[in-house]
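Chemist: File target08.cif follows (mmCIF, C-alpha atoms):
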data_query
loop_
_atom_site.label_atom_id
_atom_site.label_comp_id
_atom_site.auth_asym_id
_atom_site.auth_seq_id
_atom_site.Cartn_x
_atom_site.Cartn_y
_atom_site.Cartn_z
CA MET O 603 123.36 116.34 120.13
CA LYS O 604 125.71 114.95 117.46
CA ILE O 605 123.61 112.91 115.04
CA ALA O 606 124.70 110.74 112.11
CA ILE O 607 122.19 110.23 109.29
CA ILE O 608 123.24 107.03 107.55
CA GLY O 609 121.50 107.28 104.19
CA SER O 610 121.14 110.46 102.14
CA GLY O 611 117.96 109.62 100.25
CA ALA O 612 114.79 111.69 100.43
CA ILE O 613 113.86 110.95 104.06
CA GLY O 614 117.49 111.06 105.21
CA CYS O 615 117.96 114.54 103.75
CA LEU O 616 114.66 115.75 105.24
CA TYR O 617 115.59 114.59 108.75
CA GLY O 618 119.15 115.87 108.36
CA ALA O 619 117.85 119.29 107.32
CA TYR O 620 115.31 119.66 110.13
CA LEU O 621 117.57 118.23 112.84
CA SER O 622 120.39 120.61 111.82
CA ARG O 623 118.35 123.45 113.32
CA ASN O 624 119.45 122.41 116.81
CA ASN O 625 122.03 119.65 116.36
CA GLU O 626 125.34 118.79 114.70
CA ILE O 627 124.61 116.58 111.69
CA LEU O 628 126.88 114.11 109.89
CA MET O 629 125.38 112.97 106.57
CA LEU O 630 126.66 109.59 105.30
CA CYS O 631 126.16 109.25 101.56
CA ARG O 632 126.44 106.44 99.03
CA ARG O 633 128.06 108.67 96.39
CA GLN O 634 130.95 111.10 96.69
CA GLN O 635 129.11 113.45 94.34
CA THR O 636 126.22 113.76 96.80
CA ALA O 637 128.56 114.37 99.74
CA ASP O 638 130.45 117.06 97.82
CA SER O 639 127.20 118.79 96.87
CA ILE O 640 125.92 118.79 100.49
CA ASN O 641 129.24 120.15 101.79
CA LYS O 642 129.12 122.91 99.19
CA SER O 643 125.44 123.85 99.13
CA GLY O 644 123.84 122.18 102.17
CA LEU O 645 120.40 120.59 102.08
CA THR O 646 117.37 122.09 100.35
CA VAL O 647 113.76 121.18 101.16
CA PHE O 648 110.90 122.26 98.91
CA GLU O 649 107.90 122.34 101.23
CA PRO O 650 104.24 121.50 100.42
CA ASP O 651 103.25 125.17 100.94
CA SER O 652 105.66 126.23 98.15
CA THR O 653 108.24 127.65 100.57
CA THR O 654 111.86 126.51 100.35
CA GLY O 655 114.22 125.79 103.22
CA HIS O 656 117.99 125.99 102.72
CA TYR O 657 120.08 124.34 105.45
CA THR O 658 123.82 124.92 105.45
CA GLU O 659 124.73 125.30 109.13
CA ASN O 660 125.73 122.36 111.37
CA ILE O 661 125.91 119.91 108.44
CA ARG O 662 128.89 117.90 107.19
CA ALA O 663 128.82 115.09 104.66
CA ALA O 664 131.02 112.18 103.61
CA VAL O 665 130.67 108.86 101.83
CA SER O 666 129.59 106.00 104.08
CA GLY O 667 132.45 105.14 106.46
CA GLY O 668 134.04 108.55 105.97
CA PHE O 669 133.63 109.80 109.55
CA SER O 670 135.39 108.28 112.55
CA GLU O 671 133.99 110.45 115.38
CA VAL O 672 131.57 108.96 117.92
CA VAL O 673 128.00 110.33 117.76
CA ASP O 674 125.18 110.43 120.28
CA LEU O 675 122.59 109.09 117.85
CA ALA O 676 122.89 107.23 114.53
CA ILE O 677 119.75 107.10 112.42
CA ILE O 678 119.70 104.32 109.83
CA ILE O 679 117.67 105.29 106.73
CA VAL O 680 118.94 102.91 104.05
CA LYS O 681 117.23 100.06 102.22
CA GLY O 682 116.71 96.94 104.31
CA ALA O 683 119.16 94.95 102.20
CA ASP O 684 121.89 97.49 103.07
CA THR O 685 121.28 97.59 106.84
CA GLU O 686 124.15 95.39 107.93
CA SER O 687 126.70 96.79 105.49
CA SER O 688 125.82 100.35 106.53
CA ILE O 689 126.40 99.45 110.19
CA ARG O 690 129.69 97.69 109.46
CA ASP O 691 130.94 100.62 107.37
CA ASN O 692 130.20 103.10 110.15
CA LEU O 693 131.10 101.23 113.35
CA LYS O 694 133.55 104.03 114.22
CA LEU O 695 130.54 106.30 114.81
CA ILE O 696 129.10 104.01 117.46
CA GLY O 697 130.45 104.36 120.99
CA GLU O 698 129.43 102.72 124.24
CA LYS O 699 126.53 105.16 124.75
CA THR O 700 125.50 105.74 121.14
CA LEU O 701 121.85 105.11 120.33
CA VAL O 702 121.10 103.54 116.96
CA MET O 703 117.63 104.10 115.52
CA THR O 704 116.19 102.39 112.46
CA LEU O 705 113.80 104.58 110.49
CA GLN O 706 113.49 102.12 107.63
CA ASN O 707 110.71 100.42 105.73
CA GLY O 708 109.91 96.78 106.21
CA GLY O 709 110.36 94.43 109.14
CA GLY O 710 113.32 92.85 110.93
CA ASN O 711 115.79 95.74 110.61
CA ASP O 712 116.19 95.96 114.40
CA LEU O 713 117.28 92.32 114.50
CA LYS O 714 119.94 92.97 111.85
CA ILE O 715 121.30 95.93 113.84
CA ALA O 716 121.35 93.82 117.01
CA LYS O 717 124.21 91.79 115.52
CA TYR O 718 126.44 94.84 116.08
CA VAL O 719 124.73 96.94 118.79
CA PRO O 720 123.16 95.79 122.10
CA MET O 721 119.35 95.68 121.85
CA GLU O 722 118.97 98.10 124.78
CA ARG O 723 120.59 100.82 122.66
CA ILE O 724 118.49 100.13 119.56
CA LEU O 725 115.44 102.30 118.90
CA VAL O 726 112.81 101.52 116.29
CA GLY O 727 110.99 104.32 114.51
CA THR O 728 108.43 104.86 111.78
CA THR O 729 107.64 108.02 109.90
CA ARG O 730 104.61 109.27 107.97
CA HIS O 731 106.60 111.88 106.04
CA ASN O 732 106.67 111.55 102.27
CA CYS O 733 109.47 113.02 100.14
CA VAL O 734 110.73 112.90 96.58
CA ASN O 735 114.50 112.79 96.13
CA LEU O 736 115.66 115.45 93.66
CA ASP O 737 119.29 114.32 94.10
CA LYS O 738 122.38 115.94 95.62
CA GLY O 739 120.73 116.97 98.89
CA ASN O 740 117.57 118.43 97.35
CA VAL O 741 114.16 116.98 98.27
CA ARG O 742 110.52 117.80 97.66
CA HIS O 743 108.59 117.38 100.94
CA SER O 744 105.15 116.27 99.78
CA GLY O 745 103.52 115.14 103.03
CA SER O 746 104.03 115.36 106.79
CA GLY O 747 103.17 113.07 109.66
CA VAL O 748 104.17 111.90 113.10
CA THR O 749 107.37 109.96 113.82
CA VAL O 750 106.70 107.19 116.32
CA ILE O 751 109.65 105.82 118.29
CA GLY O 752 109.92 102.84 120.59
CA SER O 753 112.23 100.14 121.83
CA ASN O 754 112.03 96.38 122.21
CA THR O 755 113.40 96.87 125.75
CA ASN O 756 111.23 99.93 126.58
CA SER O 757 114.36 102.04 126.96
CA ARG O 758 113.97 105.29 128.87
CA ARG O 759 116.17 106.98 126.28
CA VAL O 760 113.31 106.89 123.78
CA ASP O 761 111.99 110.07 125.42
CA GLU O 762 115.35 111.78 124.84
CA VAL O 763 115.15 111.22 121.08
CA VAL O 764 111.46 112.15 120.94
CA ARG O 765 112.34 115.48 122.59
CA VAL O 766 115.17 116.14 120.12
CA LEU O 767 112.90 115.53 117.13
CA ASN O 768 110.09 117.69 118.50
CA GLU O 769 112.50 120.54 119.16
CA SER O 770 113.41 120.43 115.45
CA ASP O 771 109.76 120.53 114.29
CA LEU O 772 109.68 116.83 113.49
CA GLU O 773 106.53 115.81 115.33
CA ALA O 774 107.39 112.71 117.36
CA GLU O 775 105.85 110.55 120.03
CA ARG O 776 106.75 107.48 122.08
CA SER O 777 105.20 104.05 121.70
CA ASP O 778 105.52 101.22 124.20
CA ASP O 779 104.25 98.75 121.61
CA ILE O 780 106.58 99.57 118.75
CA GLN O 781 106.23 96.24 116.93
CA ARG O 782 102.54 96.97 116.50
CA ILE O 783 103.48 100.36 115.03
CA ILE O 784 105.98 98.69 112.68
CA TRP O 785 103.28 96.37 111.42
CA SER O 786 100.88 99.29 110.97
CA LYS O 787 103.46 101.05 108.78
CA LEU O 788 104.13 97.77 106.99
CA PHE O 789 100.47 97.54 105.94
CA LEU O 790 100.83 100.91 104.22
CA ASN O 791 104.14 100.11 102.54
CA LEU O 792 103.25 96.63 101.29
CA SER O 793 100.14 97.97 99.54
CA VAL O 794 100.77 101.58 98.53
CA ASN O 795 104.56 101.50 98.19
CA SER O 796 104.72 98.37 96.10
CA PHE O 797 101.67 98.86 93.90
CA THR O 798 102.34 102.50 92.99
CA ALA O 799 105.83 101.34 92.06
CA ILE O 800 104.27 98.93 89.57
CA THR O 801 101.82 101.50 88.19
CA LYS O 802 104.37 104.38 88.43
CA ALA O 803 101.54 106.56 89.72
CA PRO O 804 101.12 109.03 92.63
CA ILE O 805 100.03 107.65 95.99
CA GLY O 806 96.52 109.06 95.58
CA SER O 807 95.92 106.68 92.68
CA MET O 808 95.52 103.84 95.19
CA ILE O 809 92.18 105.25 96.38
CA GLU O 810 91.13 106.91 93.13
CA ASN O 811 91.48 103.72 91.07
CA GLU O 812 89.14 100.92 92.18
CA HIS O 813 91.34 98.28 90.56
CA SER O 814 94.40 99.46 92.48
CA TRP O 815 92.45 99.54 95.75
CA PHE O 816 91.28 95.97 95.09
CA PHE O 817 94.91 94.83 95.13
CA ALA O 818 95.62 96.95 98.23
CA GLU O 819 92.80 95.27 100.12
CA LYS O 820 93.96 91.77 99.17
CA MET O 821 97.60 92.39 100.16
CA ILE O 822 96.66 94.07 103.43
CA CYS O 823 94.23 91.32 104.46
CA GLU O 824 96.88 88.67 103.78
CA ALA O 825 99.36 90.62 105.93
CA ILE O 826 96.84 90.95 108.77
CA ASP O 827 96.43 87.15 108.74
CA VAL O 828 100.22 86.78 109.00
CA ALA O 829 100.34 89.30 111.87
CA GLU O 830 97.64 87.28 113.66
CA ALA O 831 99.81 84.18 113.34
CA GLU O 832 102.68 86.21 114.84
CA GLY O 833 100.52 87.05 117.87
CA LEU O 834 99.31 90.55 116.88
CA HIS O 835 95.62 91.24 116.31
CA PHE O 836 94.45 93.94 113.89
CA SER O 837 91.00 94.87 112.64
CA TYR O 838 90.66 94.55 108.86
CA LEU O 839 88.34 97.55 108.65
CA GLU O 840 90.49 99.77 110.89
CA VAL O 841 93.69 99.03 108.95
CA LEU O 842 92.05 99.55 105.56
CA ASP O 843 90.52 102.83 106.75
CA SER O 844 93.89 104.02 108.10
CA VAL O 845 95.68 103.25 104.81
CA HIS O 846 92.88 104.92 102.86
CA GLN O 847 93.14 108.10 104.96
CA THR O 848 96.93 108.23 104.65
CA CYS O 849 96.69 107.95 100.86
CA GLY O 850 94.38 110.95 100.88
CA LYS O 851 96.76 113.03 102.99
CA ILE O 852 99.80 112.44 100.75
CA ALA O 853 97.93 111.89 97.49
CA GLY O 854 100.31 113.93 95.33
CA GLY O 855 103.48 112.22 96.54
CA PHE O 856 105.35 109.28 95.04
CA SER O 857 106.33 106.29 97.16
CA SER O 858 110.02 105.55 97.72
CA MET O 859 109.71 102.29 95.80
CA SER O 860 108.08 104.08 92.88
CA GLN O 861 111.01 106.51 92.85
CA ASP O 862 113.40 103.54 92.89
CA ILE O 863 111.81 101.99 89.82
CA MET O 864 111.67 105.29 87.94
CA ASN O 865 115.37 105.75 88.64
CA CYS O 866 116.26 102.11 87.85
CA ARG O 867 117.36 101.34 91.41
CA LYS O 868 116.94 98.09 93.34
CA THR O 869 113.79 98.26 95.48
CA GLU O 870 113.01 97.17 99.04
CA ILE O 871 110.36 94.69 97.93
CA ASP O 872 112.05 91.79 99.76
CA ALA O 873 112.04 93.68 103.08
CA ILE O 874 108.37 94.65 102.69
CA ASN O 875 106.10 92.26 100.77
CA GLY O 876 108.90 89.67 100.80
CA PHE O 877 108.93 89.83 104.61
CA ILE O 878 105.20 89.00 104.62
CA VAL O 879 105.72 86.11 102.20
CA ASP O 880 108.56 84.68 104.32
CA ARG O 881 106.59 84.89 107.58
CA ALA O 882 103.52 83.47 105.82
CA LYS O 883 105.55 80.38 104.87
CA VAL O 884 106.67 79.94 108.49
CA HIS O 885 103.05 79.94 109.71
CA ASN O 886 101.57 78.19 106.65
CA VAL O 887 99.35 81.19 105.90
CA PRO O 888 98.38 81.81 102.23
CA ALA O 889 99.79 85.03 100.74
CA PRO O 890 99.33 84.74 96.94
CA TYR O 891 98.83 88.45 96.25
CA ASN O 892 101.95 89.51 98.14
CA SER O 893 103.91 86.73 96.45
CA PHE O 894 102.65 87.86 93.04
CA VAL O 895 103.70 91.47 93.71
CA VAL O 896 107.18 90.42 94.87
CA ASN O 897 107.75 88.50 91.65
CA LEU O 898 106.29 91.28 89.49
CA VAL O 899 108.53 93.97 91.04
CA HIS O 900 111.59 91.75 90.58
CA ALA O 901 110.53 91.24 86.94
CA ILE O 902 110.41 95.02 86.52
CA GLU O 903 113.85 95.34 88.12
CA ASN O 904 115.16 92.90 85.54
CA THR O 905 114.07 95.26 82.75
CA TYR O 906 116.61 97.85 83.95
CA LYS O 907 119.23 96.22 81.76
CA GLU O 908 117.07 97.09 78.75
CA GLN O 909 117.73 100.74 79.56
CA ASP O 910 121.51 100.36 79.61
CA ARG O 911 123.13 102.04 76.64
CA ALA O 912 126.65 102.59 75.38
CA MET O 913 128.65 105.26 77.22
CA THR O 914 131.15 107.45 75.40
CA LYS O 915 133.90 109.44 77.14
CA TYR O 916 134.88 112.89 75.87
CA SER O 917 137.82 115.06 76.89
CA ASN O 918 137.67 118.78 77.68
CA GLY O 919 136.84 120.78 74.55
CA GLU O 920 136.05 117.72 72.46
CA SER O 921 133.10 117.97 70.09
CA ILE O 922 130.15 115.62 70.68
CA ILE O 923 127.90 117.04 67.96
CA GLN O 924 128.79 119.44 65.17
CA GLN O 925 126.24 122.00 64.03
CA GLY O 926 124.77 120.73 60.76
CA ASP O 927 125.33 117.06 61.58
CA SER O 928 122.44 114.61 61.14
CA GLN O 929 123.25 112.45 64.15
CA GLY O 930 119.87 110.72 64.64
CA ARG O 931 120.28 110.02 68.35
CA LEU O 932 119.51 111.34 71.82
CA TYR O 933 122.35 112.15 74.21
CA LYS O 934 122.18 112.06 78.01
CA VAL O 935 124.94 113.51 80.21
CA MET O 936 126.01 110.84 82.71
CA GLN O 937 129.05 112.65 84.10
CA GLY O 938 130.43 116.17 83.67
CA THR O 939 128.82 118.99 81.68
CA VAL O 940 128.16 119.77 78.03
CA SER O 941 127.84 123.26 76.48
CA LEU O 942 125.69 123.88 73.42
CA TYR O 943 126.70 126.63 70.98
CA SER O 944 125.34 128.07 67.78
CA ASN O 945 127.99 129.15 65.27
CA TYR O 946 130.71 127.64 67.45
CA GLY O 947 134.21 128.94 66.73
CA THR O 948 133.02 131.94 64.67
CA ASP O 949 132.60 135.64 65.40
CA ASN O 950 128.87 134.97 65.91
CA GLU O 951 129.36 132.21 68.48
CA TYR O 952 126.53 132.09 71.03
CA LEU O 953 126.21 129.88 74.13
CA LEU O 954 122.76 128.31 74.12
CA GLY O 955 123.11 126.54 77.45
CA VAL O 956 125.06 124.23 79.74
CA PHE O 957 123.73 120.72 80.36
CA THR O 958 124.73 118.97 83.58
CA THR O 959 124.46 115.34 84.77
CA GLY O 960 121.09 113.80 83.96
CA LYS O 961 120.18 116.31 81.24
CA SER O 962 119.48 115.30 77.64
CA PHE O 963 120.07 116.97 74.30
CA GLY O 964 119.74 116.10 70.62
CA ILE O 965 116.07 115.09 70.69
CA TYR O 966 115.04 117.71 68.08
CA SER O 967 117.32 116.32 65.37
CA CYS O 968 116.64 112.75 66.48
CA TYR O 969 112.88 113.09 65.93
CA THR O 970 112.89 115.36 62.87
CA ASP O 971 115.94 113.96 61.04
CA ARG O 972 117.00 117.58 60.53
CA PRO O 973 120.61 118.72 61.01
CA SER O 974 121.66 119.71 64.50
CA PRO O 975 121.13 123.45 65.13
CA TYR O 976 124.05 123.57 67.54
CA THR O 977 127.48 122.21 68.40
CA ALA O 978 127.87 120.28 71.68
CA ILE O 979 131.22 120.60 73.45
CA ALA O 980 132.44 118.63 76.50
CA ASP O 981 133.42 120.79 79.49
CA GLY O 982 136.13 118.79 81.21
CA ASP O 983 136.09 114.99 81.24
CA THR O 984 132.54 114.02 80.32
CA VAL O 985 130.61 110.76 79.89
CA VAL O 986 127.57 110.70 77.62
CA MET O 987 124.97 107.99 76.98
CA GLU O 988 123.90 107.72 73.34
CA ILE O 989 120.45 106.38 72.40
CA PRO O 990 119.97 105.72 68.65
CA LYS O 991 116.66 106.76 67.10
CA ASP O 992 115.50 103.18 66.55
CA GLU O 993 115.88 102.52 70.30
CA LEU O 994 114.39 105.82 71.47
CA HIS O 995 110.79 104.60 71.77
CA ASN O 996 111.73 101.75 74.12
CA TYR O 997 114.07 104.00 76.11
CA LEU O 998 111.29 106.54 76.74
CA ALA O 999 108.52 103.97 77.24
CA LEU O 1000 110.38 101.86 79.81
CA ASN O 1001 110.78 104.74 82.22
CA PRO O 1002 108.59 107.88 82.38
CA LYS O 1003 111.48 109.76 84.00
CA ASN O 1004 113.46 109.37 80.78
CA ALA O 1005 110.63 110.97 78.82
CA GLU O 1006 110.28 113.75 81.40
CA GLU O 1007 114.00 114.55 81.24
CA ALA O 1008 113.92 114.65 77.42
CA LEU O 1009 110.91 116.98 77.39
CA ILE O 1010 112.45 119.30 80.00
CA SER O 1011 115.69 119.46 78.04
CA LEU O 1012 113.81 120.16 74.81
CA SER O 1013 111.80 122.91 76.53
CA ASN O 1014 114.99 124.49 77.85
CA GLN O 1015 116.57 124.41 74.40
CA VAL O 1016 113.48 126.03 72.85
CA SER O 1017 113.51 128.71 75.53
CA LEU O 1018 117.19 129.46 74.95
CA ALA O 1019 116.67 129.54 71.18
CA MET O 1020 113.77 132.00 71.59
CA LYS O 1021 115.96 134.30 73.67
CA HIS O 1022 118.63 134.09 70.97
CA ILE O 1023 116.06 135.04 68.32
CA GLU O 1024 114.91 137.98 70.42
CA MET O 1025 118.50 139.21 70.71
CA ILE O 1026 118.97 138.93 66.92
CA ASN O 1027 115.73 140.84 66.29
CA GLU O 1028 116.76 143.57 68.70
CA GLU O 1029 120.13 143.88 66.95
CA LEU O 1030 118.40 144.06 63.53
CA MET O 1031 116.10 146.81 64.76
CA ARG O 1032 119.04 148.80 66.12
CA ASN O 1033 120.86 148.44 62.80
CA GLN O 1034 117.79 149.61 60.88
CA LYS O 1035 117.53 152.70 63.08
CA ASN O 1036 121.16 153.52 62.48
#
Could you take the file, read its structure, and then write that structure out as structure tokens?
Modeler:
Amino acid sequence: MKIAIIGSGAIGCLYGAYLSRNNEILMLCRRQQTADSINKSGLTVFEPDSTTGHYTENIRAAVSGGFSEVVDLAIIIVKGADTESSIRDNLKLIGEKTLVMTLQNGGGNDLKIAKYVPMERILVGTTRHNCVNLDKGNVRHSGSGVTVIGSNTNSRRVDEVVRVLNESDLEAERSDDIQRIIWSKLFLNLSVNSFTAITKAPIGSMIENEHSWFFAEKMICEAIDVAEAEGLHFSYLEVLDSVHQTCGKIAGGFSSMSQDIMNCRKTEIDAINGFIVDRAKVHNVPAPYNSFVVNLVHAIENTYKEQDRAMTKYSNGESIIQQGDSQGRLYKVMQGTVSLYSNYGTDNEYLLGVFTTGKSFGIYSCYTDRPSPYTAIADGDTVVMEIPKDELHNYLALNPKNAEEALISLSNQVSLAMKHIEMINEELMRNQKN
């Protein structure tokens, strides 16, 4: 089967990787950089059992809209706000027999797709897999679960897709009451997804922290009342127990919305808790906790601008830092690569390391006010973000990922420096023997 995965985030890459075992896969990406990386190196999945799967066969990638060949199945795995634009961009993929399946969070995505594709060819799916996006086609698979697929028209072709997924080791089953399944997944997302995004904590924190679970219960119970008004009955105790068990199974993972906030991306809060708030208004059902969370997540999104910093462009070979400078700032590579050297341009020149997109350098001098122990040189056209020392605290505090990147970069620099010291000591010992 020829399958298009529209959306190259964590779940999109996981499904693309597994399905490539038996099918031809077209990956549609938001960024050219991601597409280029997948075409060059394929998809990599770091599994929960510490094994690693590398998938390079049967996979091609392009930016969204980049393929014009008709596929048998198009799987939509983008944020709810991007559903319609992703369909419009990729209409060339959709022929008269093409199935289109939404595997997205939130409610109402099938209705958005129905503006472009007949409802009888639309499938609705939910997944219990949890992944962390490591960027450029690399994902950490932190939890597995069944994929449930159905159709608002009870299409017979649901079984065809279920078979394809099972053959690729993606456990799947059919549901003839898919809207009930969608709501069941919604209960999980509107509590765990949104609240761990606010706390920036692993999924397991929802059941380990009584205060977090208090909020989960309130949001879920409000949503069950809304579902009742929509004509669907759920047991409060059964839903809460199901969410609690799921949290335990994928305790070490991070929700997709949490990953969005840590990477300063727009979240799906409007398609999840916002969907509950909108339907609650229609039926005059109170939903204060869900409304509070929607506003709080949007408030957090509005802090992203506080993390924006000046960008400086450097040409190939241009110096960013000179050894001995007291620059008093942290540097983060936004585009291109930067090489760090000790004794640059001398007979004793030594390459300490190469820092690629997302990596930071300069934190040692920034914190200690000591001169830089290395020279930083741009490799090709490079863009670097510069964070002055007086803004460093806020930069690190606003986003734990910033602090993690800085610590990793510092650890790498220390490791490289230690190796350099070992080489110098070995050379001194050889000279003493001679």
Chemist: For this file, the PyMOL selection byres ((chain O and resi 868) around 10) selects which residues, as a PyMOL selection string?
Modeler: chain O and resi 681+683+859+862-863+865-867+869-871+899-900+902-904+906
Chemist: Quick check, in Å to one decimal: how far apart do atom CA of O:Gly682 and atom CA of O:Asn624 lie?
Modeler: 28.5 Å
Chemist: Just how far from atom CA of O:Thr729 is atom CA of O:Ala774, in Å to one decimal?
Modeler: 8.8 Å
Chemist: Using only C-alpha atoms - which residues lie no farther than 10 Å from the point (91.4, 97.7, 104.2) in the file's frame? Write them as a count of residues only.
Modeler: 22
Chemist: From the options O:Cys733, O:Met1020, O:Ile784, O:Ala873, which residue's atoms come nearest to O:Pro804, counting only C-alpha atoms?
Modeler: O:Cys733
Chemist: Identify which of the residues O:Asn791, O:Thr646, O:Ser777, O:Asn950 lies closest to O:Asp872, counting all atoms listed in the file when measuring atom-to-atom distances.
Modeler: O:Asn791
Chemist: What is the distance, in Å and to one decimal place, between atom CA of O:Glu769 and atom CA of O:Leu645?
Modeler: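 Result for atom CA of O:Glu769 versus atom CA of O:Leu645: 18.8 Å, one decimal.
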Chemist: Could you give me, as an MDAnalysis selection string, the residues within 10 Å of O:Glu1007, counting all atoms listed in the file and dropping anything in the same chain fewer than 6 positions from it?
Modeler: chainID O and resid 934 960:963 998 1013
Chemist: Using all atoms listed in the file, which of O:Leu932, O:Ala978, O:Ile677, O:Ile1010 sits nearest O:Asp992?
Modeler: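 Closest candidate: O:Leu932.
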Chemist: Evaluated on this file, the PyMOL selection byres ((chain O and resi 702) around 12) picks out some residues - which ones are they, written as a ChimeraX atom specification?
Modeler: /O:605-608,672-679,685,688-689,692-693,695-701,703-705,711-712,714-716,718-727,751-753,759-760,763
Chemist: Go through O:Ala664, O:Ser610, O:His743, O:Leu942 and flag the residue nearest O:Glu649, using only C-alpha atoms for the distances.
Modeler: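 Among the listed residues, the smallest separation from O:Glu649 belongs to O:His743.
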Chemist: Can you tell me, as a list in words, what residues are no more than 8 Å from O:Val986 when counting all atoms listed in the file, ignoring any on the same chain fewer than 3 positions away?
Modeler: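 My list of contacting residues is Met913, Thr914, Lys915, Tyr916, Tyr933, Lys934, Val935, Met936 and Gln937 of chain O.
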Chemist: Quick one: axis-aligned box around all listed atoms of stretch 891-894 of chain O, 3 Å on every side, centre and edge lengths in Å to one decimal, written as AutoDock Vina command-line options.
Modeler:
--center_x 101.4 --center_y 88.1 --center_z 95.6 --size_x 11.1 --size_y 8.8 --size_z 11.1
Chemist: Pick from O:Thr984, O:Asn1014, O:Ser967, O:Ser786: nearest to O:Asn918, with only C-alpha atoms counted?
Modeler: O:Thr984
Chemist: Report the residues retrieved by the PyMOL selection byres ((chain O and resi 972) around 10) from the displayed file, expressed as an NGL selection string.
Modeler: :O and (926-930 or 966-971 or 973-975)
Chemist: Can you tell me, as number ranges by chain, which residues sit within 7 Å of (124.0, 109.5, 71.2) in the file's frame, using all atoms listed in the file?
Modeler: O: 931-933, 987-990
Chemist: So that I can see what lies close to O:Glu810, please list as a ChimeraX atom specification the residues with an atom at most 10 Å from it, counting all atoms listed in the file and leaving out residues fewer than 4 positions away in the same chain.
Modeler: /O:805-806,814-815,849-850,853
